[in-house]
Amino acid sequence: ISDITFVDSLTGFAVTPYIADDTAFIVKTTDGGETWFESLKGPTNTIGGFNRIMFLDVNTGYACHNFLWKTSNSGQTWFNVNTSGIFPENMFVLNEDTIWLTHTNSLTGGVFRTTNGGASWQRLWSQIGQNPDKIHMLNANTGFCALNSGLRYVRRTTNGGFNWNDVDNNQTFYDIYFADSLKGWFCGIVSPIKATTNGGLN
């Protein structure tokens, strides 16, 4: 399991990276995790392995790695969202219109955003050799990205992803969670868990 999310106390989804026989899965539970069944299964060259899964509500969800997938019927069916040649490692979904993707490729990667549900994408920010592989947004303007290898960092944006400033050098996060606009936590490499009470300034 590479990521997991629950939409309520009973209904949850999990995703796998590349596993046996070059196959990847999205699985679903409707009984709080007691049992799981396949929601999407396929060879990684056609569906990709998965790093991230997010649901906006019980019906609408997204999963990504190399491809971006969407369901609008609680995982009964999934369809591929156009990413215009972006091969995302990570994503954050604010709503059905606004989605951010990260792609680490040194030349063509960076932080990308759509505001029309994937009809078109804009590269907001890129830095050769230092493009992020993680992203988490608090709202339409404020969020965080991280790079987990090489020159590790956590960076913060306050303008929707157009500009990013270092908030923690030589640190990164595998996952991040905010309880509100000020209080949050991330788990990383150098320091396993860090907390903030001022929206990530420290």
# chains A, B, ... in the order shown; residues from 1 in each chain; ligands from 1

$ residues_around --residues "Ser74 of chain A" --least-positions-apart "4" --cutoff "12 Å" --atoms "only C-alpha atoms" --output "PyMOL selection string"
chain A and resi 6-7+11-13+26-30+39-40+54-62+70+78

$ residues_around --residues "segment 15-22 of chain A" --least-positions-apart "6" --cutoff "7 Å" --atoms "only C-alpha atoms" --output "list in words"
Ile1, Ser2, Asp3, Ile4, Pro43, Thr44, Gly49, Phe50, Asn51 and Ile53 of chain A

$ select_by_dssp --residues "segment 91-194 of chain A" --states "strand (DSSP E or B)" --output "number ranges by chain"
A: 91-93, 99-103, 110-114, 122-125, 134-137, 143-147, 153-157, 165-169, 175-178, 184-187, 193-194

$ residues_around --residues "Asp133 of chain A" --least-positions-apart "4" --cutoff "7 Å" --atoms "only C-alpha atoms" --output "ChimeraX atom specification"
/A:89-90,102-104,146-148

$ write_last_selection --atoms "all heavy atoms" --output "PDB file, in the first residue's frame"
ATOM      1  N   GLU A  89       4.157  12.422 -10.211  1.00  0.00           N
ATOM      2  CA  GLU A  89       4.495  11.608  -9.047  1.00  0.00           C
ATOM      3  C   GLU A  89       3.504  11.833  -7.912  1.00  0.00           C
ATOM      4  O   GLU A  89       3.298  10.960  -7.085  1.00  0.00           O
ATOM      5  CB  GLU A  89       5.911  11.937  -8.547  1.00  0.00           C
ATOM      6  CG  GLU A  89       7.020  11.237  -9.290  1.00  0.00           C
ATOM      7  CD  GLU A  89       7.574  12.084 -10.426  1.00  0.00           C
ATOM      8  OE1 GLU A  89       7.073  13.188 -10.684  1.00  0.00           O
ATOM      9  OE2 GLU A  89       8.524  11.625 -11.058  1.00  0.00           O
ATOM     10  N   ASN A  90       2.923  13.035  -7.857  1.00  0.00           N
ATOM     11  CA  ASN A  90       2.068  13.377  -6.734  1.00  0.00           C
ATOM     12  C   ASN A  90       1.048  14.407  -7.190  1.00  0.00           C
ATOM     13  O   ASN A  90       1.211  15.044  -8.243  1.00  0.00           O
ATOM     14  CB  ASN A  90       2.914  13.924  -5.573  1.00  0.00           C
ATOM     15  CG  ASN A  90       2.243  13.765  -4.228  1.00  0.00           C
ATOM     16  OD1 ASN A  90       1.870  14.736  -3.588  1.00  0.00           O
ATOM     17  ND2 ASN A  90       2.085  12.518  -3.783  1.00  0.00           N
ATOM     18  N   THR A 102       2.868  17.267  -9.437  1.00  0.00           N
ATOM     19  CA  THR A 102       4.318  17.431  -9.441  1.00  0.00           C
ATOM     20  C   THR A 102       4.932  16.373 -10.344  1.00  0.00           C
ATOM     21  O   THR A 102       4.465  15.234 -10.405  1.00  0.00           O
ATOM     22  CB  THR A 102       4.925  17.297  -8.040  1.00  0.00           C
ATOM     23  OG1 THR A 102       4.600  16.010  -7.492  1.00  0.00           O
ATOM     24  CG2 THR A 102       4.422  18.390  -7.120  1.00  0.00           C
ATOM     25  N   HIS A 103       5.995  16.774 -11.041  1.00  0.00           N
ATOM     26  CA  HIS A 103       6.721  15.887 -11.953  1.00  0.00           C
ATOM     27  C   HIS A 103       8.199  16.226 -11.808  1.00  0.00           C
ATOM     28  O   HIS A 103       8.588  17.382 -11.969  1.00  0.00           O
ATOM     29  CB  HIS A 103       6.227  16.109 -13.378  1.00  0.00           C
ATOM     30  CG  HIS A 103       6.900  15.287 -14.417  1.00  0.00           C
ATOM     31  ND1 HIS A 103       7.346  14.006 -14.192  1.00  0.00           N
ATOM     32  CD2 HIS A 103       7.191  15.553 -15.716  1.00  0.00           C
ATOM     33  CE1 HIS A 103       7.884  13.513 -15.288  1.00  0.00           C
ATOM     34  NE2 HIS A 103       7.808  14.448 -16.230  1.00  0.00           N
ATOM     35  N   THR A 104       9.031  15.225 -11.482  1.00  0.00           N
ATOM     36  CA  THR A 104      10.419  15.506 -11.098  1.00  0.00           C
ATOM     37  C   THR A 104      11.386  15.630 -12.265  1.00  0.00           C
ATOM     38  O   THR A 104      12.545  15.979 -12.044  1.00  0.00           O
ATOM     39  CB  THR A 104      10.952  14.414 -10.152  1.00  0.00           C
ATOM     40  OG1 THR A 104      10.813  13.139 -10.788  1.00  0.00           O
ATOM     41  CG2 THR A 104      10.211  14.419  -8.830  1.00  0.00           C
ATOM     42  N   ALA A 146       7.780  19.253  -1.670  1.00  0.00           N
ATOM     43  CA  ALA A 146       9.002  18.676  -1.138  1.00  0.00           C
ATOM     44  C   ALA A 146       9.697  17.862  -2.206  1.00  0.00           C
ATOM     45  O   ALA A 146       9.071  17.344  -3.136  1.00  0.00           O
ATOM     46  CB  ALA A 146       8.696  17.791   0.070  1.00  0.00           C
ATOM     47  N   LEU A 147      11.024  17.741  -2.045  1.00  0.00           N
ATOM     48  CA  LEU A 147      11.845  16.865  -2.871  1.00  0.00           C
ATOM     49  C   LEU A 147      12.514  15.870  -1.943  1.00  0.00           C
ATOM     50  O   LEU A 147      13.159  16.256  -0.966  1.00  0.00           O
ATOM     51  CB  LEU A 147      12.893  17.663  -3.643  1.00  0.00           C
ATOM     52  CG  LEU A 147      13.868  16.845  -4.499  1.00  0.00           C
ATOM     53  CD1 LEU A 147      13.123  16.098  -5.599  1.00  0.00           C
ATOM     54  CD2 LEU A 147      14.929  17.768  -5.107  1.00  0.00           C
ATOM     55  N   ASN A 148      12.364  14.582  -2.236  1.00  0.00           N
ATOM     56  CA  ASN A 148      12.817  13.533  -1.330  1.00  0.00           C
ATOM     57  C   ASN A 148      14.203  12.998  -1.622  1.00  0.00           C
ATOM     58  O   ASN A 148      14.691  12.143  -0.893  1.00  0.00           O
ATOM     59  CB  ASN A 148      11.824  12.362  -1.357  1.00  0.00           C
ATOM     60  CG  ASN A 148      10.618  12.634  -0.485  1.00  0.00           C
ATOM     61  OD1 ASN A 148      10.747  13.094   0.634  1.00  0.00           O
ATOM     62  ND2 ASN A 148       9.434  12.379  -1.013  1.00  0.00           N
TER      63      ASN A 148
END

$ atom_distance --atom1 "atom CA of Pro192 of chain A" --atom2 "atom CA of Cys64 of chain A"
24.8 Å

$ closest_residue --among "A:Gly109, A:Gly188, A:Gly199, A:Gly75" --to "Ile128 of chain A" --atoms "only C-alpha atoms"
A:Gly109

$ closest_residue --among "A:Phe186, A:Ser126, A:Gly160, A:Ala24" --to "Ser106 of chain A" --atoms "only C-alpha atoms"
A:Ser126

$ closest_residue --among "A:Ile135, A:Leu151, A:Val93, A:Leu68" --to "Tyr174 of chain A" --atoms "only C-alpha atoms"
A:Ile135

$ atom_distance --atom1 "atom CA of Thr98 of chain A" --atom2 "atom CA of Phe162 of chain A"
14.4 Å

$ residues_around --residues "Leu201 of chain A" --least-positions-apart "5" --cutoff "9 Å" --atoms "only C-alpha atoms" --output "ChimeraX atom specification"
/A:156,167,196

$ closest_residue --among "A:Ile99, A:Arg152, A:Cys187, A:Gly143" --to "Gly200 of chain A" --atoms "only C-alpha atoms"
A:Gly143

$ closest_residue --among "A:Leu10, A:Cys145, A:Ile47, A:Ala140" --to "Glu34 of chain A" --atoms "only C-alpha atoms"
A:Leu10

$ atom_distance --atom1 "atom CA of Phe173 of chain A" --atom2 "atom CA of Lys41 of chain A"
28.1 Å

$ residues_around --residues "segment 117-124 of chain A" --least-positions-apart "4" --cutoff "8 Å" --atoms "only C-alpha atoms" --output "list in words"
Val81, Asn82, Thr83, Ser84, Glu96, Asp97, Thr98, Ile99, Gly110, Val111, Phe112, Arg113, Gly161, Phe162 and Asn163 of chain A

$ write_last_selection --atoms "N, CA and C atoms" --output "mmCIF file, in the first residue's frame"
data_model
loop_
_atom_site.group_PDB
_atom_site.id
_atom_site.type_symbol
_atom_site.label_atom_id
_atom_site.label_comp_id
_atom_site.auth_asym_id
_atom_site.auth_seq_id
_atom_site.Cartn_x
_atom_site.Cartn_y
_atom_site.Cartn_z
ATOM 1 N N VAL A 81 -7.662 11.077 -16.891
ATOM 2 C CA VAL A 81 -7.747 12.524 -17.091
ATOM 3 C C VAL A 81 -6.533 12.972 -17.897
ATOM 4 N N ASN A 82 -6.745 13.759 -18.913
ATOM 5 C CA ASN A 82 -5.657 14.258 -19.742
ATOM 6 C C ASN A 82 -4.672 15.076 -18.902
ATOM 7 N N THR A 83 -3.375 14.756 -19.010
ATOM 8 C CA THR A 83 -2.350 15.536 -18.308
ATOM 9 C C THR A 83 -1.342 16.167 -19.265
ATOM 10 N N SER A 84 -1.612 16.116 -20.550
ATOM 11 C CA SER A 84 -0.810 16.844 -21.554
ATOM 12 C C SER A 84 0.677 16.524 -21.471
ATOM 13 N N GLU A 96 -13.030 19.718 -8.265
ATOM 14 C CA GLU A 96 -13.012 19.059 -9.570
ATOM 15 C C GLU A 96 -12.388 19.918 -10.659
ATOM 16 N N ASP A 97 -12.270 21.210 -10.439
ATOM 17 C CA ASP A 97 -11.640 22.099 -11.414
ATOM 18 C C ASP A 97 -10.153 22.279 -11.157
ATOM 19 N N THR A 98 -9.757 22.409 -9.889
ATOM 20 C CA THR A 98 -8.405 22.840 -9.543
ATOM 21 C C THR A 98 -7.594 21.690 -8.958
ATOM 22 N N ILE A 99 -6.549 21.316 -9.677
ATOM 23 C CA ILE A 99 -5.671 20.205 -9.302
ATOM 24 C C ILE A 99 -4.232 20.630 -9.556
ATOM 25 N N GLY A 110 8.188 19.921 -12.805
ATOM 26 C CA GLY A 110 7.879 21.101 -12.018
ATOM 27 C C GLY A 110 6.547 20.938 -11.307
ATOM 28 N N VAL A 111 5.934 22.068 -11.013
ATOM 29 C CA VAL A 111 4.598 22.102 -10.421
ATOM 30 C C VAL A 111 3.630 22.589 -11.493
ATOM 31 N N PHE A 112 2.558 21.819 -11.699
ATOM 32 C CA PHE A 112 1.573 22.114 -12.731
ATOM 33 C C PHE A 112 0.200 22.271 -12.091
ATOM 34 N N ARG A 113 -0.645 23.071 -12.732
ATOM 35 C CA ARG A 113 -1.996 23.271 -12.207
ATOM 36 C C ARG A 113 -3.003 23.359 -13.346
ATOM 37 N N GLY A 161 1.223 28.470 -6.049
ATOM 38 C CA GLY A 161 2.242 27.631 -6.649
ATOM 39 C C GLY A 161 3.152 28.326 -7.641
ATOM 40 N N PHE A 162 2.969 29.628 -7.832
ATOM 41 C CA PHE A 162 3.826 30.364 -8.762
ATOM 42 C C PHE A 162 5.219 30.600 -8.184
ATOM 43 N N ASN A 163 5.305 30.795 -6.876
ATOM 44 C CA ASN A 163 6.593 31.012 -6.197
ATOM 45 C C ASN A 163 6.657 30.140 -4.955
#
